[in-house]
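File shown: run.tsv (TSV, C-alpha atoms and all ligand atoms).
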```
chain	number	residue	atom	x	y	z
A	216	MET	CA	-25.73	2.51	4.26
A	217	LYS	CA	-29.30	2.03	3.11
A	218	ASN	CA	-30.46	-1.57	3.16
A	219	ASP	CA	-31.97	-0.86	-0.27
A	220	ASP	CA	-28.45	-0.66	-1.69
A	221	LEU	CA	-27.77	-4.22	-0.60
A	222	LYS	CA	-31.07	-5.48	-2.06
A	223	ASN	CA	-30.49	-3.61	-5.34
A	224	ALA	CA	-26.95	-4.94	-5.63
A	225	ILE	CA	-28.16	-8.51	-5.09
A	226	ASP	CA	-30.87	-8.01	-7.75
A	227	LYS	CA	-28.30	-6.69	-10.21
A	228	LEU	CA	-26.02	-9.66	-9.57
A	229	LYS	CA	-28.71	-12.03	-10.84
A	230	ILE	CA	-27.38	-14.95	-8.84
A	231	GLU	CA	-30.06	-17.55	-8.41
A	232	ASN	CA	-31.34	-18.78	-5.07
A	233	ILE	CA	-29.67	-16.17	-2.91
A	234	LYS	CA	-31.61	-15.48	0.24
A	235	MET	CA	-30.90	-12.61	2.59
A	236	GLU	CA	-29.87	-15.12	5.29
A	237	HIS	CA	-26.93	-16.19	3.07
A	238	ILE	CA	-25.56	-12.67	3.25
A	239	SER	CA	-23.59	-11.31	6.18
A	240	LYS	CA	-21.56	-8.18	6.73
A	241	ILE	CA	-17.88	-9.11	7.15
A	242	GLY	CA	-16.05	-5.84	7.05
A	243	GLU	CA	-15.79	-2.19	6.29
A	244	GLY	CA	-12.90	-0.08	5.02
A	245	ALA	CA	-12.78	3.65	4.32
A	246	TRP	CA	-14.51	3.15	0.94
A	247	HIS	CA	-16.71	0.05	1.02
A	248	ASN	CA	-19.17	-1.85	3.16
A	249	VAL	CA	-18.31	-5.48	2.66
A	250	PHE	CA	-20.62	-8.55	2.64
A	251	ARG	CA	-20.06	-12.26	2.22
A	252	ILE	CA	-22.49	-14.19	0.04
A	253	GLU	CA	-22.53	-17.87	0.94
A	254	ARG	CA	-23.38	-20.29	-1.84
A	255	ASN	CA	-23.92	-24.04	-1.82
A	256	ILE	CA	-22.16	-25.32	-4.88
A	257	GLU	CA	-20.11	-22.46	-6.23
A	258	GLU	CA	-17.49	-20.47	-4.31
A	259	ASP	CA	-18.61	-17.82	-1.82
A	260	LEU	CA	-18.51	-14.25	-3.06
A	261	VAL	CA	-17.75	-10.87	-1.53
A	262	LEU	CA	-19.91	-7.89	-2.36
A	263	ARG	CA	-18.31	-4.49	-1.72
A	264	ILE	CA	-20.83	-1.65	-1.81
A	265	ARG	CA	-19.24	1.74	-2.27
A	266	LYS	CA	-19.93	4.25	0.48
A	267	LYS	CA	-21.37	7.61	-0.51
A	268	ASN	CA	-19.38	9.27	2.27
A	269	ALA	CA	-15.69	8.71	2.83
A	270	TYR	CA	-13.29	10.60	5.08
A	271	GLY	CA	-16.20	12.71	6.31
A	272	GLN	CA	-16.95	14.02	2.82
A	273	LEU	CA	-19.68	13.24	0.30
A	274	GLN	CA	-17.97	11.56	-2.65
A	275	VAL	CA	-18.86	12.88	-6.08
A	276	TYR	CA	-19.61	10.20	-8.68
A	277	LYS	CA	-16.79	10.22	-11.25
A	278	GLU	CA	-17.16	7.43	-13.75
A	279	ILE	CA	-13.60	7.59	-15.10
A	280	ASP	CA	-12.09	7.40	-11.60
A	281	LEU	CA	-14.20	4.39	-10.72
A	282	ILE	CA	-13.31	2.59	-13.96
A	283	THR	CA	-9.64	3.40	-13.30
A	284	GLU	CA	-9.80	2.05	-9.76
A	285	TYR	CA	-11.67	-1.15	-10.49
A	286	GLU	CA	-9.95	-1.98	-13.78
A	287	SER	CA	-6.60	-1.53	-12.00
A	288	SER	CA	-7.68	-3.95	-9.26
A	289	LYS	CA	-8.75	-6.44	-11.92
A	290	VAL	CA	-5.39	-6.24	-13.68
A	291	TYR	CA	-3.50	-6.48	-10.39
A	292	TYR	CA	-5.45	-9.56	-9.27
A	293	HIS	CA	-4.87	-11.19	-12.65
A	294	GLN	CA	-1.12	-10.58	-12.69
A	295	ALA	CA	-0.77	-11.57	-9.02
A	296	ASN	CA	-2.51	-14.88	-9.65
A	297	GLN	CA	-0.22	-15.55	-12.61
A	298	CYS	CA	2.68	-15.18	-10.15
A	299	SER	CA	1.28	-17.13	-7.22
A	300	TYR	CA	-2.16	-18.70	-7.51
A	301	PRO	CA	-4.49	-18.08	-5.63
A	302	ILE	CA	-3.00	-15.11	-3.75
A	303	CYS	CA	-5.82	-12.81	-4.98
A	304	PRO	CA	-9.50	-13.30	-5.84
A	305	SER	CA	-9.73	-15.20	-9.14
A	306	PHE	CA	-13.09	-13.62	-9.89
A	307	PHE	CA	-13.64	-9.84	-9.88
A	308	ASP	CA	-16.29	-7.67	-11.49
A	309	TYR	CA	-17.93	-4.32	-10.83
A	310	PHE	CA	-21.11	-2.42	-11.48
A	311	GLN	CA	-21.59	1.33	-11.50
A	312	GLU	CA	-24.35	3.84	-11.89
A	313	GLU	CA	-24.77	7.14	-10.12
A	314	SER	CA	-26.99	5.77	-7.32
A	315	LEU	CA	-25.18	2.47	-6.72
A	316	VAL	CA	-21.60	1.30	-7.18
A	317	PHE	CA	-20.36	-2.12	-6.11
A	318	THR	CA	-17.79	-4.80	-6.81
A	319	VAL	CA	-18.07	-8.55	-6.52
A	320	GLU	CA	-15.14	-10.92	-6.06
A	321	SER	CA	-14.09	-14.31	-4.69
A	322	PHE	CA	-14.21	-14.70	-0.92
A	323	MET	CA	-10.64	-15.24	0.30
A	324	GLY	CA	-11.37	-16.55	3.77
A	325	LYS	CA	-11.07	-15.03	7.18
A	326	GLY	CA	-7.54	-14.48	8.37
A	327	LYS	CA	-6.13	-14.14	11.87
A	328	THR	CA	-6.02	-10.76	13.54
A	329	LEU	CA	-2.56	-9.33	14.13
A	330	GLN	CA	-2.62	-9.65	17.88
A	331	TYR	CA	-3.16	-13.43	17.68
A	332	LEU	CA	-0.17	-14.06	15.43
A	333	SER	CA	2.89	-15.58	17.09
A	334	ASP	CA	6.34	-14.25	16.15
A	335	SER	CA	7.09	-17.27	14.00
A	336	GLU	CA	3.72	-17.09	12.24
A	337	ALA	CA	4.32	-13.41	11.49
A	338	ILE	CA	7.74	-14.22	10.02
A	339	THR	CA	6.27	-17.03	7.89
A	340	ILE	CA	3.54	-14.76	6.54
A	341	GLY	CA	6.10	-12.03	5.85
A	342	GLU	CA	8.29	-14.52	3.98
A	343	GLU	CA	5.41	-15.67	1.80
A	344	LEU	CA	4.63	-12.06	0.96
A	345	GLY	CA	8.29	-11.26	0.26
A	346	LYS	CA	8.59	-14.21	-2.14
A	347	PHE	CA	5.37	-13.22	-3.88
A	348	PHE	CA	6.34	-9.56	-4.30
A	349	LYS	CA	9.72	-10.57	-5.70
A	350	ILE	CA	8.05	-12.59	-8.47
A	351	MET	CA	5.37	-9.94	-9.03
A	352	HIS	CA	8.00	-7.21	-9.37
A	353	ARG	CA	10.03	-9.27	-11.85
A	354	LYS	CA	7.10	-9.70	-14.20
A	355	ASP	CA	6.70	-7.19	-17.04
A	356	PRO	CA	3.38	-5.39	-16.53
A	357	ASP	CA	0.76	-5.51	-19.30
A	358	ILE	CA	0.16	-1.78	-18.79
A	359	GLN	CA	2.52	0.63	-20.59
A	360	GLY	CA	4.15	3.68	-19.06
A	361	PHE	CA	4.98	4.82	-15.54
A	362	GLY	CA	3.30	6.39	-12.53
A	363	ASN	CA	-0.34	6.56	-11.56
A	364	ILE	CA	-2.56	4.40	-13.70
A	365	ILE	CA	-5.37	6.01	-15.70
A	366	TRP	CA	-8.17	4.74	-17.93
A	367	ASN	CA	-7.78	6.45	-21.33
A	368	GLY	CA	-11.24	5.47	-22.55
A	369	LYS	CA	-10.05	2.17	-24.04
A	370	LYS	CA	-7.40	0.77	-21.76
A	371	LEU	CA	-5.25	1.48	-18.72
A	372	GLU	CA	-1.94	3.28	-19.06
A	373	GLY	CA	0.68	4.91	-16.87
A	374	LYS	CA	0.50	8.69	-16.64
A	375	MET	CA	4.07	9.15	-17.91
A	376	GLN	CA	5.36	7.69	-21.15
A	377	GLU	CA	8.99	8.92	-21.11
A	378	GLU	CA	12.14	6.78	-21.38
A	379	VAL	CA	12.86	4.71	-18.25
A	380	SER	CA	16.39	6.09	-17.88
A	381	TYR	CA	15.00	9.64	-17.89
A	382	ILE	CA	12.33	8.77	-15.30
A	383	TRP	CA	14.98	7.08	-13.16
A	384	GLN	CA	17.23	10.16	-13.12
A	385	LYS	CA	14.21	12.37	-12.32
A	386	ASP	CA	13.33	10.05	-9.44
A	387	ASN	CA	16.83	10.48	-8.01
A	388	ASP	CA	16.82	14.26	-8.62
A	389	PHE	CA	13.57	14.50	-6.71
A	390	TYR	CA	15.10	13.06	-3.52
A	391	LEU	CA	17.96	15.54	-3.77
A	392	SER	CA	15.52	18.41	-4.13
A	393	ILE	CA	13.58	17.43	-0.99
A	394	LEU	CA	16.85	16.87	0.86
A	395	ASN	CA	17.83	20.38	-0.13
A	396	SER	CA	14.55	21.88	0.98
A	397	LEU	CA	14.68	20.07	4.37
A	398	THR	CA	18.22	21.22	5.07
A	399	THR	CA	17.28	24.85	4.50
A	400	THR	CA	14.55	24.76	7.18
A	401	ASP	CA	14.95	25.60	10.87
A	402	LEU	CA	14.37	21.95	11.87
A	403	THR	CA	16.84	20.42	14.29
A	404	PHE	CA	18.64	17.30	13.08
A	405	ASN	CA	22.19	16.25	12.31
A	406	ARG	CA	22.38	17.82	8.87
A	407	GLU	CA	25.92	16.81	8.10
A	408	LYS	CA	25.35	13.10	8.69
A	409	VAL	CA	22.00	12.98	6.92
A	410	VAL	CA	23.17	14.98	3.90
A	411	ASN	CA	26.31	12.86	3.52
A	412	LYS	CA	24.37	9.65	3.78
A	413	ILE	CA	21.79	10.64	1.20
A	414	LEU	CA	24.24	12.17	-1.29
A	415	ASN	CA	26.28	8.95	-1.26
A	416	LEU	CA	23.22	6.80	-1.48
A	417	ILE	CA	21.78	8.68	-4.47
A	418	LYS	CA	25.16	8.69	-6.26
A	419	ASN	CA	25.20	4.93	-6.04
A	420	ARG	CA	21.47	4.55	-6.76
A	421	ARG	CA	21.70	6.48	-10.04
A	422	GLU	CA	24.03	3.80	-11.39
A	423	ASN	CA	21.66	0.98	-10.48
A	424	GLN	CA	18.49	1.58	-12.39
A	425	GLN	CA	15.51	-0.37	-11.06
A	426	LYS	CA	12.80	-2.10	-13.02
A	427	ILE	CA	9.32	-0.69	-13.67
A	428	SER	CA	6.80	-3.03	-12.06
A	429	LEU	CA	3.16	-3.18	-11.14
A	430	VAL	CA	3.42	-2.24	-7.45
A	431	ASN	CA	0.84	-2.02	-4.68
A	432	GLN	CA	0.64	1.21	-2.68
A	433	ASP	CA	-1.77	-0.16	-0.09
A	434	VAL	CA	-0.24	-3.12	1.69
A	435	THR	CA	-1.70	-2.41	5.14
A	436	PRO	CA	-2.82	-5.44	7.21
A	437	GLU	CA	-6.54	-4.72	6.53
A	438	ASN	CA	-5.84	-5.55	2.90
A	439	ILE	CA	-4.04	-8.77	3.67
A	440	ILE	CA	-5.87	-11.91	4.79
A	441	LEU	CA	-3.42	-13.21	7.37
A	442	ASN	CA	-3.95	-16.87	6.72
A	443	LEU	CA	-1.07	-19.20	7.54
A	444	ASP	CA	-1.80	-21.76	4.80
A	445	ASN	CA	-2.50	-19.26	2.08
A	446	VAL	CA	-2.00	-15.58	2.70
A	447	SER	CA	-4.15	-13.42	0.38
A	448	LEU	CA	-4.05	-9.87	-0.88
A	449	ILE	CA	-7.21	-7.84	-1.47
A	450	ASP	CA	-8.12	-4.23	-2.28
A	451	PRO	CA	-4.86	-3.25	-4.02
A	452	PHE	CA	-3.95	0.30	-5.03
A	453	PRO	CA	-1.73	-0.37	-8.03
A	454	LYS	CA	0.76	1.90	-9.70
A	455	LEU	CA	3.64	1.54	-12.15
A	456	ASP	CA	6.81	2.29	-10.24
A	457	PHE	CA	10.25	0.92	-9.37
A	458	ASP	CA	10.55	-2.57	-7.89
A	459	LEU	CA	13.06	-2.19	-5.03
A	460	LYS	CA	11.60	1.18	-4.11
A	461	TYR	CA	8.29	-0.54	-3.36
A	462	ALA	CA	9.88	-3.56	-1.68
A	463	GLY	CA	11.46	-0.97	0.64
A	464	TYR	CA	8.04	0.62	1.05
A	465	PHE	CA	6.57	-2.60	2.44
A	466	VAL	CA	9.32	-2.76	5.06
A	467	PHE	CA	8.95	0.95	5.81
A	468	CYS	CA	5.18	0.51	6.31
A	469	TYR	CA	5.52	-2.37	8.74
A	470	LYS	CA	8.55	-1.09	10.66
A	471	PHE	CA	7.73	2.59	10.82
A	472	LEU	CA	4.60	4.00	9.17
A	473	LEU	CA	1.86	1.87	10.72
A	474	PRO	CA	2.99	2.33	14.35
A	475	ALA	CA	3.70	6.02	13.66
A	476	TYR	CA	0.19	6.59	12.27
A	477	SER	CA	-1.64	4.50	14.88
A	478	ASN	CA	-2.94	7.60	16.71
A	479	THR	CA	-4.84	8.97	13.68
A	480	ASP	CA	-8.63	8.64	13.28
A	481	ARG	CA	-8.01	6.50	10.22
A	482	TYR	CA	-6.05	3.87	12.16
A	483	ILE	CA	-7.00	4.39	15.81
A	484	ASN	CA	-9.04	1.15	15.96
A	485	HIS	CA	-6.28	-1.03	14.56
A	486	ASP	CA	-3.90	-0.92	17.56
A	487	TYR	CA	-0.84	-0.77	15.35
A	488	ASN	CA	1.22	0.69	18.13
A	489	GLN	CA	0.48	-2.20	20.52
A	490	ASN	CA	1.17	-4.64	17.68
A	491	SER	CA	4.36	-2.98	16.50
A	492	LYS	CA	6.50	-6.03	17.37
A	493	ILE	CA	4.37	-8.33	15.26
A	494	LEU	CA	4.34	-5.83	12.40
A	495	SER	CA	8.11	-5.69	12.63
A	496	ARG	CA	8.32	-9.52	12.46
A	497	ILE	CA	6.20	-9.47	9.28
A	498	ALA	CA	8.70	-6.99	7.82
A	499	ASP	CA	11.66	-9.22	8.86
A	500	GLY	CA	10.02	-12.17	7.14
A	501	PHE	CA	9.33	-10.03	4.08
A	502	MET	CA	13.02	-9.08	3.85
A	503	ASN	CA	14.07	-12.75	4.04
A	504	GLY	CA	11.55	-13.76	1.42
A	505	TYR	CA	12.29	-10.90	-0.97
A	506	ILE	CA	16.08	-11.01	-0.66
A	507	GLY	CA	16.40	-14.81	-0.91
A	508	ASP	CA	20.08	-15.54	-1.57
A	509	ASN	CA	20.82	-12.20	-3.24
A	510	VAL	CA	22.50	-10.53	-0.24
A	511	ASP	CA	23.16	-7.29	-2.16
A	512	LEU	CA	19.44	-6.58	-1.99
A	513	TYR	CA	19.66	-6.03	1.76
A	514	LYS	CA	21.51	-2.73	1.27
A	515	CYS	CA	19.17	-1.71	-1.57
A	516	LEU	CA	16.10	-2.19	0.63
A	517	LEU	CA	17.73	-0.33	3.51
A	518	ASP	CA	18.55	2.57	1.15
A	519	GLU	CA	14.97	2.66	-0.12
A	520	TYR	CA	13.75	2.67	3.48
A	521	ILE	CA	15.93	5.71	4.16
A	522	LEU	CA	14.49	7.52	1.14
A	523	TRP	CA	10.91	6.80	2.26
A	524	THR	CA	11.79	8.25	5.66
A	525	LEU	CA	13.17	11.37	3.98
A	526	LEU	CA	10.02	11.69	1.86
A	527	GLU	CA	7.78	11.27	4.89
A	528	ALA	CA	9.71	13.92	6.83
A	529	HIS	CA	9.42	16.32	3.92
A	530	GLU	CA	5.70	15.71	3.45
A	531	HIS	CA	5.09	16.36	7.15
A	532	TYR	CA	7.08	19.56	7.02
A	533	GLU	CA	5.15	20.81	3.98
A	534	ILE	CA	1.78	20.05	5.56
A	535	LEU	CA	2.74	21.87	8.75
A	536	ASN	CA	3.28	24.99	6.66
A	537	GLU	CA	-0.24	24.92	5.25
A	538	SER	CA	-2.71	27.21	6.97
A	539	ASP	CA	-5.62	24.76	7.23
A	540	LEU	CA	-5.78	21.00	7.05
A	541	ASP	CA	-8.54	19.47	4.93
A	542	PRO	CA	-10.78	16.78	6.52
A	543	LYS	CA	-9.03	13.94	4.70
A	544	THR	CA	-5.59	15.01	5.96
A	545	LEU	CA	-6.96	15.40	9.49
A	546	GLN	CA	-8.39	11.87	9.38
A	547	GLN	CA	-5.32	10.30	7.84
A	548	MET	CA	-2.47	12.23	9.48
A	549	GLY	CA	-4.00	13.84	12.56
A	550	ASP	CA	-3.90	17.47	13.71
A	551	LYS	CA	-0.86	19.74	13.54
A	552	GLU	CA	0.41	18.64	16.95
A	553	MET	CA	0.35	14.98	15.87
A	554	ILE	CA	1.99	15.83	12.56
A	555	LYS	CA	4.71	17.79	14.35
A	556	ASN	CA	5.41	14.87	16.68
A	557	ARG	CA	5.55	12.45	13.79
A	558	LEU	CA	7.94	14.74	11.95
A	559	THR	CA	10.25	14.54	14.97
A	560	LEU	CA	10.02	10.72	14.81
A	561	CYS	CA	10.92	10.80	11.11
A	562	LEU	CA	13.95	13.00	11.76
A	563	ILE	CA	15.18	10.78	14.60
A	564	GLU	CA	14.79	7.72	12.35
A	565	LEU	CA	16.64	9.48	9.54
A	566	GLU	CA	19.53	10.38	11.84
A	567	LYS	CA	19.74	6.84	13.19
A	568	LEU	CA	19.82	5.47	9.66
A	569	SER	CA	22.54	7.90	8.66
A	570	LEU	CA	25.00	6.59	11.25
A	571	ASP	CA	27.72	4.28	9.97
A	572	SER	CA	26.39	1.49	12.19
A	573	SER	CA	22.97	1.61	10.50
A	574	PHE	CA	23.82	-1.41	8.39
A	575	ASN	CA	22.57	-3.56	11.23
A	576	PHE	CA	19.42	-1.54	11.56
A	577	PHE	CA	16.94	-4.35	10.86
A	578	ASN	CA	18.40	-6.93	13.28
A	579	ARG	CA	20.17	-8.15	10.22
A	580	ARG	CA	20.52	-11.91	10.11
A	581	ASP	CA	23.21	-13.60	8.10
A	582	PHE	CA	21.33	-13.99	4.89
A	601	LIG	N1	-12.32	-10.84	-1.16
A	601	LIG	C1	-12.40	-10.79	0.17
A	601	LIG	N2	-12.32	-11.93	0.90
A	601	LIG	C2	-12.41	-11.91	2.25
A	601	LIG	N3	-12.55	-10.79	2.97
A	601	LIG	C3	-12.63	-9.61	2.31
A	601	LIG	C4	-12.56	-9.55	0.88
A	601	LIG	N4	-12.68	-8.26	0.51
A	601	LIG	C5	-12.81	-7.53	1.65
A	601	LIG	N5	-12.78	-8.34	2.75
A	601	LIG	C6	-12.88	-7.93	4.18
A	601	LIG	O1	-13.49	-6.64	4.26
A	601	LIG	C7	-12.57	-5.66	4.78
A	601	LIG	C8	-12.71	-4.33	4.04
A	601	LIG	O2	-12.60	-4.56	2.66
A	601	LIG	P1	-11.81	-3.55	1.66
A	601	LIG	O3	-12.06	-4.10	0.29
A	601	LIG	O4	-10.40	-3.43	2.07
A	601	LIG	O5	-12.60	-2.19	1.89
A	601	LIG	P2	-12.11	-0.71	1.48
A	601	LIG	O6	-12.08	-0.67	-0.02
A	601	LIG	O7	-13.14	0.21	2.06
A	601	LIG	O8	-10.75	-0.50	2.10
A	601	LIG	C9	-11.21	-6.29	4.62
A	601	LIG	O9	-10.30	-5.80	5.60
A	601	LIG	C10	-11.50	-7.78	4.78
A	601	LIG	O10	-11.60	-8.11	6.15
A	602	MG	MG	-9.09	-1.79	2.25
```
With the file now loaded, output its structure as structure tokens.
Ligand SMILES: Nc1ncnc2c1ncn2[C@@H]1O[C@H](COP(=O)(O)OP(=O)(O)O)[C@@H](O)[C@H]1O
Ligand SMILES: [Mg+2]
Amino acid sequence: MKNDDLKNAIDKLKIENIKMEHISKIGEGAWHNVFRIERNIEEDLVLRIRKKNAYGQLQVYKEIDLITEYESSKVYYHQANQCSYPICPSFFDYFQEESLVFTVESFMGKGKTLQYLSDSEAITIGEELGKFFKIMHRKDPDIQGFGNIIWNGKKLEGKMQEEVSYIWQKDNDFYLSILNSLTTTDLTFNREKVVNKILNLIKNRRENQQKISLVNQDVTPENIILNLDNVSLIDPFPKLDFDLKYAGYFVFCYKFLLPAYSNTDRYINHDYNQNSKILSRIADGFMNGYIGDNVDLYKCLLDEYILWTLLEAHEHYEILNESDLDPKTLQQMGDKEMIKNRLTLCLIELEKLSLDSSFNFFNRRDF
């Protein structure tokens, strides 16, 4: 990043009395270089300057996409803080022109790194998150529609505007179609068990329509400030989708996805494999917090976990059949060998979850 970008961003912010020595780099994700601005009287701020290169590719400036992304974050932060203040930055703004794009938001502190969390701290943090997501999912979103969120020139809306019951049946049909396509491949797995499990699960799921909520598709630990007193969420990737499906996604991420992806360029520096026990404790805590005293939710989350595993297996299979992998896929999923190995992991997980004994899969406690 050019140092000019930082100077220009500070000029544009028009905050008085900011000297360069009050500014320090605190982080970097795939998309932004991140700086803390220390201030005397008012709260510290975070400046996120957008990178021109991401995933090894020059990023083309697309105004609508940037508005969509940053307006969605703003809405997510606002709704999240209505549910549990101050879980997200209370201040958020952004600036964009072709040569410089940045956001500015409240500084949420510096959390612990995963490896320094004890088991009980990880469970506590997971519980806090579970309780928060439960409330967040229950709240009716201000944005209409379903699916990916887009900026229509005036406001945000979901890409689909159909009836919920129709979308729900389509969602269930989709899992059956990927189940069908996986069973007609030459992959080795216990087809009978897996097919039975998923057919039964979907039959039951159809009858229990979930609620459309504002969900977060990027709940990885880099976007969570692991603070014991007040855990915070930053850099959300919001979408309008079903509540329990995304509660299951959190558990799936922490129990399966993060360790399984730890060998990719995208995640290699995060040691998710070495920290898999701690990640798993966060997921256990999340389940406790989300489920509360509604024990029926345990089975719902387990079912959603199974469906995410099915989806992941299918996605891996599809990608293996493509002739060339684009740079983003290579960075995020690895080369074909890594994808093949991960597909095997998905299939083993799916088989395990399809056994009758799978009800105790998550070291189930007596909720
Ligand atoms: N509001 C904030 N408060 C404290 N730390 C932050 C804040 N925003 C970002 N960070 C730090 O910077 C890192 C990268 O920021 P992030 O916004 O996730 O970048 P990217 O959009 O590239 O993923 C985070 O993992 C976190 O450590
Ligand atoms: Mg991030």
Given a cut-off of 9 Å, what residues near ligand MG 602 (chain A) show up using only C-alpha atoms and all ligand atoms, put as a list in words?
Glu243, Gly244, Ala245, Trp246, His247, Asp433, Val434, Thr435, Pro436, Glu437, Asn438, Ile439, Ile449, Asp450 and Pro451 of chain A
Select the residues contacting ligand LIG 601 (chain A) at a distance of at most 9 Å, based on all atoms listed in the file, then format the selection as a PyMOL selection string.
chain A and resi 240-251+260-266+269+303-304+307+319-326+436-440+447-451
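The shortest atom-to-atom distance to Gln384 (chain A), with all atoms listed in the file taken into account, belongs to A:Lys418 out of A:His352, A:Lys408, A:Lys289, A:Lys418.
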Non-local contacts of Tyr476 (chain A) (10 Å; all atoms listed in the file; under 5 positions in same chain excluded) as a VMD selection string:
chain A and resid 468 471 481 to 483 487 to 488 547 to 549 553 to 554 557
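The closest residue to Lys555 (chain A), picked from A:Val446, A:Leu344, A:Leu402, A:Ile365 and counting all atoms listed in the file, is A:Leu402.
Residues lying within 7 Å of Met351 (chain A), counting only C-alpha atoms and ignoring same-chain neighbours fewer than 4 positions away, are Ala295, Cys298 and Phe347 of chain A.
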